[in-house]
file data_2.tsv (TSV, C-alpha atoms and all ligand atoms)
chain	number	residue	atom	x	y	z
K	1	MET	CA	0.00	0.00	0.00
K	2	CYS	CA	1.12	3.56	-0.75
K	3	LYS	CA	2.50	5.31	2.36
K	4	PRO	CA	0.65	8.51	3.30
K	5	VAL	CA	2.35	11.90	3.32
K	6	LEU	CA	1.92	13.21	6.87
K	7	THR	CA	2.29	16.79	8.08
K	8	ILE	CA	2.42	17.49	11.79
K	9	VAL	CA	1.10	20.99	12.55
K	10	VAL	CA	2.34	22.64	15.74
K	11	PRO	CA	0.95	26.07	16.75
K	12	CYS	CA	3.44	28.00	18.89
K	13	TYR	CA	2.96	31.20	20.86
K	14	ASN	CA	5.92	32.42	22.91
K	15	GLU	CA	7.26	28.89	23.26
K	16	GLU	CA	11.03	29.59	23.27
K	17	GLU	CA	11.46	27.64	26.50
K	18	VAL	CA	9.99	24.40	25.25
K	19	LEU	CA	10.63	24.66	21.51
K	20	PRO	CA	14.25	23.42	21.34
K	21	GLU	CA	13.20	20.18	23.02
K	22	SER	CA	9.92	19.72	21.19
K	23	MET	CA	11.52	20.36	17.81
K	24	ILE	CA	13.98	17.54	18.50
K	25	GLN	CA	11.41	15.11	19.86
K	26	ILE	CA	8.77	15.67	17.20
K	27	SER	CA	11.19	15.61	14.27
K	28	ASP	CA	12.94	12.48	15.65
K	29	MET	CA	9.58	10.79	15.86
K	30	LEU	CA	8.84	11.80	12.28
K	31	THR	CA	12.20	10.44	11.09
K	32	ASN	CA	11.52	7.14	12.87
K	33	LEU	CA	8.16	6.79	11.17
K	34	ILE	CA	9.76	7.53	7.79
K	35	GLU	CA	12.52	4.98	8.43
K	36	GLU	CA	10.00	2.37	9.50
K	37	LYS	CA	8.22	3.08	6.20
K	38	ILE	CA	4.98	3.96	7.95
K	39	ILE	CA	4.78	7.36	6.31
K	40	SER	CA	6.18	8.82	3.09
K	41	GLU	CA	9.63	10.38	2.75
K	42	ASP	CA	7.89	13.72	1.95
K	43	SER	CA	6.31	13.95	5.40
K	44	LYS	CA	7.16	17.01	7.48
K	45	VAL	CA	6.55	19.10	10.59
K	46	LEU	CA	5.04	22.57	10.17
K	47	PHE	CA	5.58	24.95	13.09
K	48	VAL	CA	3.12	27.85	13.06
K	49	ASP	CA	4.37	30.95	14.83
K	50	ASP	CA	1.29	32.72	16.14
K	51	GLY	CA	2.80	36.21	16.37
K	52	SER	CA	5.17	35.35	19.21
K	53	ARG	CA	7.11	38.13	20.85
K	54	ASP	CA	10.08	36.02	21.89
K	55	MET	CA	12.65	33.96	19.95
K	56	THR	CA	10.08	31.41	18.71
K	57	TRP	CA	10.22	32.34	15.01
K	58	THR	CA	14.02	32.68	14.93
K	59	MET	CA	14.31	29.20	16.40
K	60	ILE	CA	11.85	27.73	13.90
K	61	TYR	CA	13.46	29.45	10.95
K	62	LYS	CA	16.97	28.33	11.90
K	63	GLU	CA	15.74	24.76	12.12
K	64	THR	CA	14.09	24.91	8.69
K	65	LEU	CA	17.50	25.69	7.20
K	66	LYS	CA	19.07	22.66	8.89
K	67	ASN	CA	16.36	20.02	8.54
K	68	LYS	CA	14.45	19.50	5.30
K	69	HIS	CA	11.56	17.91	7.16
K	70	ILE	CA	10.94	21.05	9.22
K	71	HIS	CA	8.92	23.98	7.91
K	72	GLY	CA	7.65	27.22	9.40
K	73	LEU	CA	4.62	29.41	8.91
K	74	LYS	CA	4.82	32.87	10.44
K	75	LEU	CA	1.55	34.68	11.08
K	76	SER	CA	1.59	38.46	11.00
K	77	ARG	CA	0.22	38.79	14.55
K	78	ASN	CA	-1.23	36.76	17.41
K	79	VAL	CA	-4.61	35.34	16.37
K	80	GLY	CA	-5.09	32.66	19.04
K	81	HIS	CA	-4.60	28.91	19.12
K	82	GLN	CA	-7.66	27.98	17.03
K	83	ASN	CA	-6.90	30.33	14.15
K	84	ALA	CA	-3.19	29.48	14.21
K	85	LEU	CA	-4.12	25.82	13.98
K	86	LEU	CA	-6.40	26.53	11.06
K	87	ALA	CA	-3.67	28.47	9.27
K	88	GLY	CA	-1.40	25.44	9.69
K	89	LEU	CA	-4.00	22.94	8.48
K	90	PHE	CA	-4.80	24.92	5.36
K	91	ALA	CA	-1.14	25.57	4.55
K	92	ALA	CA	-0.26	21.89	5.02
K	93	LYS	CA	-3.24	20.49	3.14
K	94	THR	CA	-2.03	20.77	-0.45
K	95	SER	CA	1.16	18.84	0.18
K	96	SER	CA	-0.22	16.15	2.52
K	97	ASP	CA	-2.55	13.16	2.63
K	98	CYS	CA	-3.23	13.70	6.31
K	99	VAL	CA	-2.35	16.16	9.06
K	100	ILE	CA	-1.86	15.66	12.80
K	101	SER	CA	-2.22	18.73	15.02
K	102	ILE	CA	-0.40	18.81	18.34
K	103	ASP	CA	0.57	21.49	20.89
K	104	ALA	CA	4.14	22.68	21.19
K	105	ASP	CA	4.50	21.85	24.88
K	106	LEU	CA	4.65	18.05	24.41
K	107	GLN	CA	1.77	17.42	26.79
K	108	ASP	CA	0.28	15.08	24.21
K	109	ASP	CA	1.88	11.71	23.64
K	110	ILE	CA	3.90	11.78	20.41
K	111	TYR	CA	4.29	7.98	20.57
K	112	LYS	CA	0.67	7.80	19.39
K	113	PHE	CA	1.44	9.17	15.91
K	114	LYS	CA	1.71	5.60	14.67
K	115	ASP	CA	-1.72	4.69	16.06
K	116	PHE	CA	-3.19	7.75	14.33
K	117	ILE	CA	-1.69	6.64	11.00
K	118	ASP	CA	-2.93	3.06	11.51
K	119	LYS	CA	-6.48	4.36	12.01
K	120	TYR	CA	-6.10	6.58	8.95
K	121	ASN	CA	-4.96	3.56	6.92
K	122	GLU	CA	-8.03	1.68	8.14
K	123	GLY	CA	-10.06	4.33	6.32
K	124	HIS	CA	-10.95	6.89	8.98
K	125	ASP	CA	-10.86	10.55	7.97
K	126	ILE	CA	-10.73	11.97	11.48
K	127	VAL	CA	-8.94	10.47	14.48
K	128	TYR	CA	-9.50	12.16	17.85
K	129	GLY	CA	-6.81	11.97	20.50
K	130	VAL	CA	-8.71	11.52	23.77
K	131	ARG	CA	-7.19	11.86	27.24
K	132	ARG	CA	-7.67	8.77	29.33
K	133	LYS	CA	-7.67	10.70	32.60
K	134	ARG	CA	-7.01	14.24	33.66
K	135	ASP	CA	-4.69	13.65	36.60
K	136	THR	CA	-2.04	16.13	35.42
K	137	ASP	CA	-4.63	18.92	35.70
K	138	SER	CA	-5.32	20.94	38.80
K	139	ILE	CA	-8.60	20.10	40.59
K	140	PHE	CA	-9.90	23.45	39.41
K	141	LYS	CA	-9.15	22.81	35.72
K	142	LYS	CA	-10.59	19.30	36.02
K	143	ARG	CA	-13.87	20.55	37.49
K	144	THR	CA	-14.26	23.47	35.10
K	145	ALA	CA	-13.54	21.21	32.12
K	146	GLU	CA	-16.08	18.66	33.36
K	147	THR	CA	-18.72	21.36	33.78
K	148	PHE	CA	-17.94	22.68	30.33
K	149	TYR	CA	-18.36	19.29	28.63
K	150	LYS	CA	-21.56	18.58	30.56
K	151	LEU	CA	-22.98	21.99	29.68
K	152	MET	CA	-22.13	21.58	26.01
K	153	GLY	CA	-23.79	18.15	26.04
K	154	LYS	CA	-26.94	19.58	27.65
K	155	LEU	CA	-27.04	22.37	25.07
K	156	GLY	CA	-27.07	19.74	22.36
K	157	VAL	CA	-23.57	20.38	21.00
K	158	ASN	CA	-21.74	17.28	19.89
K	159	ILE	CA	-18.17	17.53	21.16
K	160	ILE	CA	-15.84	14.67	22.00
K	161	TYR	CA	-15.35	14.31	25.75
K	162	ASN	CA	-11.77	15.04	26.89
K	163	HIS	CA	-10.51	15.67	23.40
K	164	ALA	CA	-8.45	18.82	22.92
K	165	ASP	CA	-6.86	19.64	19.61
K	166	TYR	CA	-4.64	16.56	19.28
K	167	ARG	CA	-6.14	14.93	16.19
K	168	LEU	CA	-5.54	13.59	12.72
K	169	MET	CA	-7.51	14.84	9.76
K	170	SER	CA	-7.39	13.60	6.19
K	171	LYS	CA	-6.95	16.00	3.29
K	172	ARG	CA	-10.59	15.37	2.36
K	173	ALA	CA	-11.75	16.37	5.86
K	174	ILE	CA	-9.66	19.56	5.82
K	175	ASN	CA	-11.13	20.46	2.43
K	176	GLU	CA	-14.58	20.25	3.99
K	177	LEU	CA	-13.43	22.19	7.05
K	178	GLU	CA	-12.47	25.03	4.74
K	179	LYS	CA	-16.12	25.43	3.80
K	180	PHE	CA	-17.06	26.40	7.36
K	181	GLU	CA	-16.50	30.09	6.99
K	182	GLU	CA	-17.40	31.34	10.44
K	183	VAL	CA	-15.14	33.88	12.05
K	184	ASN	CA	-16.00	32.77	15.61
K	185	LEU	CA	-14.11	29.56	15.46
K	186	PHE	CA	-14.47	26.63	17.83
K	187	LEU	CA	-12.77	23.74	16.05
K	188	ARG	CA	-13.74	21.07	18.57
K	189	GLY	CA	-17.37	21.75	17.80
K	190	ILE	CA	-16.94	22.07	14.05
K	191	VAL	CA	-14.84	18.98	13.29
K	192	PRO	CA	-17.56	16.49	14.38
K	193	LEU	CA	-19.96	18.34	12.07
K	194	ILE	CA	-17.91	17.25	9.07
K	195	GLY	CA	-19.42	13.84	9.62
K	196	PHE	CA	-16.85	11.64	7.90
K	197	SER	CA	-15.85	8.35	9.47
K	198	SER	CA	-14.01	9.00	12.73
K	199	THR	CA	-12.48	7.11	15.61
K	200	THR	CA	-10.44	7.75	18.77
K	201	VAL	CA	-6.97	7.04	20.08
K	202	TYR	CA	-6.56	7.13	23.87
K	203	TYR	CA	-3.48	8.63	25.51
K	204	ASP	CA	-2.23	9.99	28.80
K	205	ARG	CA	-1.59	13.71	28.93
K	206	LYS	CA	1.62	14.82	30.58
K	207	GLU	CA	2.66	17.99	32.37
K	208	ARG	CA	3.83	20.89	30.20
K	209	LEU	CA	7.52	20.22	29.48
K	210	ALA	CA	8.62	23.85	30.00
K	211	GLY	CA	7.25	27.38	29.84
K	212	THR	CA	3.85	28.43	31.11
K	213	THR	CA	0.30	27.87	29.92
K	214	LYS	CA	-0.95	30.33	27.34
K	215	TYR	CA	-4.48	29.74	28.63
K	216	PRO	CA	-4.80	31.48	31.97
K	217	LEU	CA	-8.22	31.46	33.67
K	218	LYS	CA	-9.52	34.54	31.86
K	219	ARG	CA	-8.67	33.14	28.43
K	220	MET	CA	-10.01	29.71	29.35
K	221	LEU	CA	-13.37	31.15	30.40
K	222	SER	CA	-13.64	33.26	27.27
K	223	PHE	CA	-12.78	30.18	25.18
K	224	ALA	CA	-15.55	28.19	26.87
K	225	PHE	CA	-18.03	31.03	26.47
K	226	GLU	CA	-17.07	31.38	22.80
K	227	GLY	CA	-17.61	27.65	22.38
K	228	ILE	CA	-21.06	27.74	23.91
K	229	THR	CA	-22.39	30.83	22.17
K	230	SER	CA	-20.93	29.81	18.79
K	231	PHE	CA	-22.86	26.61	18.84
K	232	SER	CA	-26.07	27.13	20.69
K	233	VAL	CA	-28.86	29.64	21.06
K	234	THR	CA	-30.20	27.79	24.10
K	235	PRO	CA	-28.82	30.46	26.51
K	236	ILE	CA	-30.97	33.09	24.77
K	237	ARG	CA	-34.01	30.84	25.02
K	238	PHE	CA	-33.22	30.29	28.68
K	239	VAL	CA	-33.25	34.06	29.21
K	240	LEU	CA	-36.60	34.27	27.47
K	241	VAL	CA	-38.06	31.57	29.72
K	242	VAL	CA	-36.66	33.20	32.87
K	243	GLY	CA	-38.04	36.52	31.64
K	244	LEU	CA	-41.49	35.02	31.15
K	245	ILE	CA	-41.47	33.35	34.55
K	246	SER	CA	-40.44	36.53	36.31
K	247	PHE	CA	-43.09	38.44	34.37
K	248	PHE	CA	-45.81	36.13	35.66
K	249	ILE	CA	-44.42	36.24	39.17
K	250	SER	CA	-44.49	40.04	39.10
K	251	LEU	CA	-48.08	39.93	37.82
K	252	MET	CA	-49.00	37.83	40.83
K	253	PHE	CA	-47.12	40.18	43.12
K	254	GLY	CA	-48.91	43.09	41.49
K	255	ALA	CA	-52.28	41.53	42.14
K	256	TYR	CA	-51.31	40.85	45.75
K	257	PHE	CA	-50.12	44.40	46.41
K	258	ILE	CA	-53.14	45.97	44.76
K	259	THR	CA	-55.35	43.87	47.00
K	260	LEU	CA	-53.33	45.00	50.03
K	261	LYS	CA	-53.70	48.63	48.94
K	262	LEU	CA	-57.45	48.24	48.53
K	263	LEU	CA	-57.56	46.90	52.03
K	264	GLY	CA	-55.64	49.97	53.22
K	265	ASN	CA	-52.33	48.32	54.21
K	266	THR	CA	-49.96	50.23	51.92
K	267	GLU	CA	-46.95	50.58	54.25
K	268	THR	CA	-45.91	46.97	53.68
K	269	GLY	CA	-45.22	47.68	50.03
K	270	TRP	CA	-41.76	49.22	50.13
K	271	THR	CA	-39.61	46.12	50.67
K	272	SER	CA	-41.29	44.05	48.04
K	273	LEU	CA	-41.30	46.95	45.63
K	274	ILE	CA	-37.62	47.62	45.89
K	275	THR	CA	-36.86	43.86	45.67
K	276	SER	CA	-38.84	43.42	42.54
K	277	ILE	CA	-37.31	46.49	40.91
K	278	TRP	CA	-33.89	45.06	41.48
K	279	LEU	CA	-34.93	41.59	40.41
K	280	ILE	CA	-36.51	42.67	37.16
K	281	GLY	CA	-33.74	45.19	36.47
K	282	GLY	CA	-31.13	42.49	36.97
K	283	LEU	CA	-32.90	40.02	34.75
K	284	GLN	CA	-33.26	42.61	32.05
K	285	LEU	CA	-29.59	43.46	32.15
K	286	ILE	CA	-28.63	39.80	31.90
K	287	ALA	CA	-30.96	39.36	28.97
K	288	ILE	CA	-29.68	42.44	27.17
K	289	GLY	CA	-26.08	41.37	27.79
K	290	LEU	CA	-26.69	37.93	26.41
K	291	ILE	CA	-28.52	39.18	23.37
K	292	GLY	CA	-25.72	41.69	22.87
K	293	GLU	CA	-23.27	38.80	22.85
K	294	TYR	CA	-25.07	37.17	19.95
K	295	VAL	CA	-25.57	40.45	18.13
K	296	GLY	CA	-21.84	41.07	18.52
K	297	LYS	CA	-21.18	37.69	16.96
K	298	ILE	CA	-23.40	38.53	13.99
K	299	TYR	CA	-21.55	41.82	13.65
K	300	LYS	CA	-18.18	40.06	13.61
K	301	GLU	CA	-19.37	37.45	11.14
K	302	SER	CA	-20.84	40.06	8.82
K	303	LYS	CA	-17.48	41.79	8.46
K	304	ARG	CA	-15.90	38.59	7.07
K	305	ARG	CA	-12.43	39.64	8.16
K	306	PRO	CA	-9.61	37.19	7.46
K	307	LYS	CA	-8.98	34.91	10.42
K	308	TYR	CA	-5.20	35.17	10.04
K	309	ILE	CA	-2.62	36.66	7.73
K	310	VAL	CA	0.45	34.72	6.69
K	311	ASP	CA	3.70	36.64	6.82
K	312	ILE	CA	6.24	33.97	5.84
K	313	ASP	CA	5.53	30.43	4.64
K	314	THR	CA	8.64	28.29	4.16
K	315	LEU	CA	6.53	25.58	2.47
K	316	ASN	CA	5.73	28.05	-0.28
K	317	LEU	CA	9.30	29.28	-0.43
K	318	THR	CA	10.46	25.72	-1.05
K	319	ASN	CA	7.87	25.24	-3.78
K	320	GLN	CA	8.93	28.48	-5.47
K	321	ILE	CA	12.57	27.42	-5.39
K	322	LYS	CA	11.63	24.01	-6.84
K	323	GLU	CA	9.68	25.70	-9.62
K	324	ARG	CA	12.58	27.97	-10.50
K	325	GLU	CA	15.05	25.06	-10.66
E	401	LIG	N1	-1.06	28.91	21.34
E	401	LIG	C1	-1.11	29.65	20.17
E	401	LIG	N2	-1.65	30.92	20.22
E	401	LIG	C2	-2.14	31.46	21.37
E	401	LIG	C3	-2.11	30.68	22.54
E	401	LIG	C4	-1.57	29.41	22.51
E	401	LIG	O1	-0.69	29.19	19.11
E	401	LIG	O2	-2.59	32.61	21.33
E	401	LIG	C5	-0.49	27.53	21.30
E	401	LIG	C6	0.58	27.25	22.36
E	401	LIG	O3	1.85	27.65	21.92
E	401	LIG	C7	0.46	25.75	22.50
E	401	LIG	C8	-1.01	25.48	22.26
E	401	LIG	O4	-1.51	26.63	21.59
E	401	LIG	O5	1.21	25.05	21.53
E	401	LIG	C9	-1.80	25.23	23.53
E	401	LIG	O6	-1.52	26.21	24.50
E	401	LIG	P1	-1.17	25.84	26.01
E	401	LIG	O7	-0.32	24.62	26.05
E	401	LIG	O8	-0.59	27.04	26.66
E	401	LIG	O9	-2.61	25.54	26.58
E	401	LIG	P2	-3.01	24.48	27.74
E	401	LIG	O10	-2.39	23.17	27.35
E	401	LIG	O11	-2.43	25.03	28.99
E	401	LIG	O12	-4.50	24.46	27.71
E	402	MG	MG	-0.49	22.80	26.93
call {"tool": "encode", "arguments": {"input": "data_2.tsv", "output": "structure tokens"}}
result
Amino acid sequence: MCKPVLTIVVPCYNEEEVLPESMIQISDMLTNLIEEKIISEDSKVLFVDDGSRDMTWTMIYKETLKNKHIHGLKLSRNVGHQNALLAGLFAAKTSSDCVISIDADLQDDIYKFKDFIDKYNEGHDIVYGVRRKRDTDSIFKKRTAETFYKLMGKLGVNIIYNHADYRLMSKRAINELEKFEEVNLFLRGIVPLIGFSSTTVYYDRKERLAGTTKYPLKRMLSFAFEGITSFSVTPIRFVLVVGLISFFISLMFGAYFITLKLLGNTETGWTSLITSIWLIGGLQLIAIGLIGEYVGKIYKESKRRPKYIVDIDTLNLTNQIKERE
């Protein structure tokens, strides 16, 4: 059987601390797979520099000059993990049969590349890397992640439990992914929508090898919120239901207070009045905020701005040189 051309896409943002080690480990793994004739000689690693402000790009570029299996894609500014990943997938697509995406910090088990390829050879277009357990996470991250997955499930969004962005996609699947043109991007929700045959590979996630997480609490929460509101309008419906309920409650209150007034006991009204003003006011603000969130999304989508801009692409440079020769 013909060996597939694999590209490993690695988004990197300020990863100078971990990059020297991960470049060695990932490219060694790639060389092994080529030597074992599991993947084609043309396979490569594509490091995507997501507008880093440290030595990340310099390191990548130097390596591309030394190792023909290493390539770099430099984005013009920081666009976030999801968009950087997308930039890598689309750049890699033309010259690959399949692409594996993995983080730069070596938390995901690179020894599973072979399993991914095996599943691809069995005919699957998408292979999800799924964490067996989350014991390298803090209790807090574990709980918040659990809540997030549960919430997404309840809202009717089909996402793979404990799967981050460690996955294999075939060229065909990436071609389909390109048709999803939304600007608010939540890949973990979109990839299952492609619908091609998929399977999972289980692995244990390790601690970050070096450097610090690029997803502090604030970014994690905004990522989760983005995920939910990109995929579901249930929160808006929930607001509507709460609004209706509180409207009926206030009607009942109204009736009660009017009766009291008719009976001449008006002095009891103040507490309940001020409570209901606050209650209704609060609910209204929540509702407006939530609706604003969706309106904002529509606004962003309607502008159709590019999700990323490529500054330097060494894959393209190589092709141009080949063409000139
Ligand atoms: N990353 C990126 N752009 C960003 C933030 C992160 O390309 O704006 C990359 C980062 O370099 C890493 C991956 O996304 O390779 C995942 O980030 P990190 O490991 O910090 O997240 P965590 O594993 O802590 O959730
Ligand atoms: Mg990480």
call {"tool": "closest_residue", "arguments": {"input": "data_2.tsv", "among": "K:Ile274, K:Leu221, K:Ala164, K:Ala287", "to": "Val239 in chain K", "atoms": "all atoms listed in the file"}}
result
K:Ala287
call {"tool": "residues_around", "arguments": {"input": "data_2.tsv", "residues": "range 299-303 of chain K", "least_positions_apart": "6", "cutoff": "12 Å", "atoms": "all atoms listed in the file", "output": "ChimeraX atom specification"}}
result
/K:180-185,230,292-293
call {"tool": "closest_atom_pairs", "arguments": {"input": "data_2.tsv", "of": "chain K", "to": "ligand MG 402 (chain E)", "cutoff": "9 Å", "atoms": "only C-alpha atoms and all ligand atoms", "output": "Markdown table"}}
result
| residue | atom | partner | partner_atom | distance |
| --- | --- | --- | --- | --- |
| K:Asp103 | CA | E:MG402 | MG | 6.3 |
| K:Ala104 | CA | E:MG402 | MG | 7.4 |
| K:Asp105 | CA | E:MG402 | MG | 5.5 |
| K:Leu106 | CA | E:MG402 | MG | 7.4 |
| K:Gln107 | CA | E:MG402 | MG | 5.8 |
| K:Asp108 | CA | E:MG402 | MG | 8.2 |
| K:Glu207 | CA | E:MG402 | MG | 7.9 |
| K:Arg208 | CA | E:MG402 | MG | 5.7 |
| K:Leu209 | CA | E:MG402 | MG | 8.8 |
| K:Thr212 | CA | E:MG402 | MG | 8.2 |
| K:Thr213 | CA | E:MG402 | MG | 5.9 |
| K:Lys214 | CA | E:MG402 | MG | 7.6 |
| K:Tyr215 | CA | E:MG402 | MG | 8.2 |
call {"tool": "residues_around", "arguments": {"input": "data_2.tsv", "residues": "Phe90 in chain K", "least_positions_apart": "2", "cutoff": "10 Å", "atoms": "only C-alpha atoms", "output": "list of chain:residue names"}}
result
K:Leu85, K:Leu86, K:Ala87, K:Gly88, K:Ala92, K:Lys93, K:Thr94, K:Ser95, K:Val99, K:Lys171, K:Ile174, K:Asn175, K:Leu177, K:Glu178
call {"tool": "residues_around", "arguments": {"input": "data_2.tsv", "residues": "Phe247 in chain K", "least_positions_apart": "6", "cutoff": "12 Å", "atoms": "only C-alpha atoms", "output": "VMD selection string"}}
result
chain K and resid 239 to 241 253 to 254 276 to 277 279 to 281 283 to 284
call {"tool": "write_last_selection", "arguments": {"input": "data_2.tsv", "atoms": "C-alpha atoms", "output": "PDB file, in the coordinates of the input"}}
result
ATOM      1  CA  VAL K 239     -33.250  34.060  29.210  1.00  0.00           C
ATOM      2  CA  LEU K 240     -36.600  34.270  27.470  1.00  0.00           C
ATOM      3  CA  VAL K 241     -38.060  31.570  29.720  1.00  0.00           C
ATOM      4  CA  PHE K 253     -47.120  40.180  43.120  1.00  0.00           C
ATOM      5  CA  GLY K 254     -48.910  43.090  41.490  1.00  0.00           C
ATOM      6  CA  SER K 276     -38.840  43.420  42.540  1.00  0.00           C
ATOM      7  CA  ILE K 277     -37.310  46.490  40.910  1.00  0.00           C
ATOM      8  CA  LEU K 279     -34.930  41.590  40.410  1.00  0.00           C
ATOM      9  CA  ILE K 280     -36.510  42.670  37.160  1.00  0.00           C
ATOM     10  CA  GLY K 281     -33.740  45.190  36.470  1.00  0.00           C
ATOM     11  CA  LEU K 283     -32.900  40.020  34.750  1.00  0.00           C
ATOM     12  CA  GLN K 284     -33.260  42.610  32.050  1.00  0.00           C
TER      13      GLN K 284
END
call {"tool": "closest_residue", "arguments": {"input": "data_2.tsv", "among": "K:Gly243, K:Pro4, K:Gly51, K:Gly289", "to": "ligand LIG 401 (chain E)", "atoms": "only C-alpha atoms and all ligand atoms"}}
result
K:Gly51
call {"tool": "atom_distance", "arguments": {"input": "data_2.tsv", "atom1": "atom O2 of ligand LIG 401 (chain E)", "atom2": "CA of Ile8 in chain K"}}
result
18.6 Å
call {"tool": "atom_distance", "arguments": {"input": "data_2.tsv", "atom1": "CA of Leu73 in chain K", "atom2": "CA of Lys44 in chain K"}}
result
12.7 Å
call {"tool": "atom_distance", "arguments": {"input": "data_2.tsv", "atom1": "CA of Ser198 in chain K", "atom2": "CA of Ile126 in chain K"}}
result
4.6 Å
call {"tool": "residues_around", "arguments": {"input": "data_2.tsv", "residues": "Asp109 in chain K", "least_positions_apart": "6", "cutoff": "10 Å", "atoms": "only C-alpha atoms", "output": "JSON, numbers by chain"}}
result
{"K": [102, 129, 131, 166, 202, 203, 204, 205, 206]}
call {"tool": "build_atoms", "arguments": {"input": "data_2.tsv", "residues": "range 91-102 of chain K", "atoms": "N, CA and C atoms", "output": "PDB file, in the coordinates of the input"}}
result
ATOM      1  N   ALA K  91      -2.419  25.465   5.237  1.00  0.00           N
ATOM      2  CA  ALA K  91      -1.140  25.570   4.550  1.00  0.00           C
ATOM      3  C   ALA K  91      -0.586  24.177   4.239  1.00  0.00           C
ATOM      4  N   ALA K  92      -0.837  23.229   5.157  1.00  0.00           N
ATOM      5  CA  ALA K  92      -0.260  21.890   5.020  1.00  0.00           C
ATOM      6  C   ALA K  92      -1.024  21.043   4.009  1.00  0.00           C
ATOM      7  N   LYS K  93      -2.307  21.343   3.877  1.00  0.00           N
ATOM      8  CA  LYS K  93      -3.240  20.490   3.140  1.00  0.00           C
ATOM      9  C   LYS K  93      -2.772  20.087   1.743  1.00  0.00           C
ATOM     10  N   THR K  94      -2.359  21.079   0.949  1.00  0.00           N
ATOM     11  CA  THR K  94      -2.030  20.770  -0.450  1.00  0.00           C
ATOM     12  C   THR K  94      -0.929  19.736  -0.593  1.00  0.00           C
ATOM     13  N   SER K  95       0.024  19.746   0.351  1.00  0.00           N
ATOM     14  CA  SER K  95       1.160  18.840   0.180  1.00  0.00           C
ATOM     15  C   SER K  95       1.070  17.616   1.093  1.00  0.00           C
ATOM     16  N   SER K  96      -0.137  17.298   1.613  1.00  0.00           N
ATOM     17  CA  SER K  96      -0.220  16.150   2.520  1.00  0.00           C
ATOM     18  C   SER K  96      -1.444  15.293   2.238  1.00  0.00           C
ATOM     19  N   ASP K  97      -1.360  14.020   2.678  1.00  0.00           N
ATOM     20  CA  ASP K  97      -2.550  13.160   2.630  1.00  0.00           C
ATOM     21  C   ASP K  97      -3.325  13.301   3.931  1.00  0.00           C
ATOM     22  N   CYS K  98      -2.568  13.502   5.022  1.00  0.00           N
ATOM     23  CA  CYS K  98      -3.230  13.700   6.310  1.00  0.00           C
ATOM     24  C   CYS K  98      -2.384  14.601   7.198  1.00  0.00           C
ATOM     25  N   VAL K  99      -3.035  15.215   8.182  1.00  0.00           N
ATOM     26  CA  VAL K  99      -2.350  16.160   9.060  1.00  0.00           C
ATOM     27  C   VAL K  99      -2.663  15.815  10.512  1.00  0.00           C
ATOM     28  N   ILE K 100      -1.624  15.827  11.355  1.00  0.00           N
ATOM     29  CA  ILE K 100      -1.860  15.660  12.800  1.00  0.00           C
ATOM     30  C   ILE K 100      -1.587  16.999  13.452  1.00  0.00           C
ATOM     31  N   SER K 101      -2.497  17.489  14.297  1.00  0.00           N
ATOM     32  CA  SER K 101      -2.220  18.730  15.020  1.00  0.00           C
ATOM     33  C   SER K 101      -1.871  18.396  16.462  1.00  0.00           C
ATOM     34  N   ILE K 102      -0.862  19.081  16.965  1.00  0.00           N
ATOM     35  CA  ILE K 102      -0.400  18.810  18.340  1.00  0.00           C
ATOM     36  C   ILE K 102       0.156  20.103  18.924  1.00  0.00           C
TER      37      ILE K 102
END
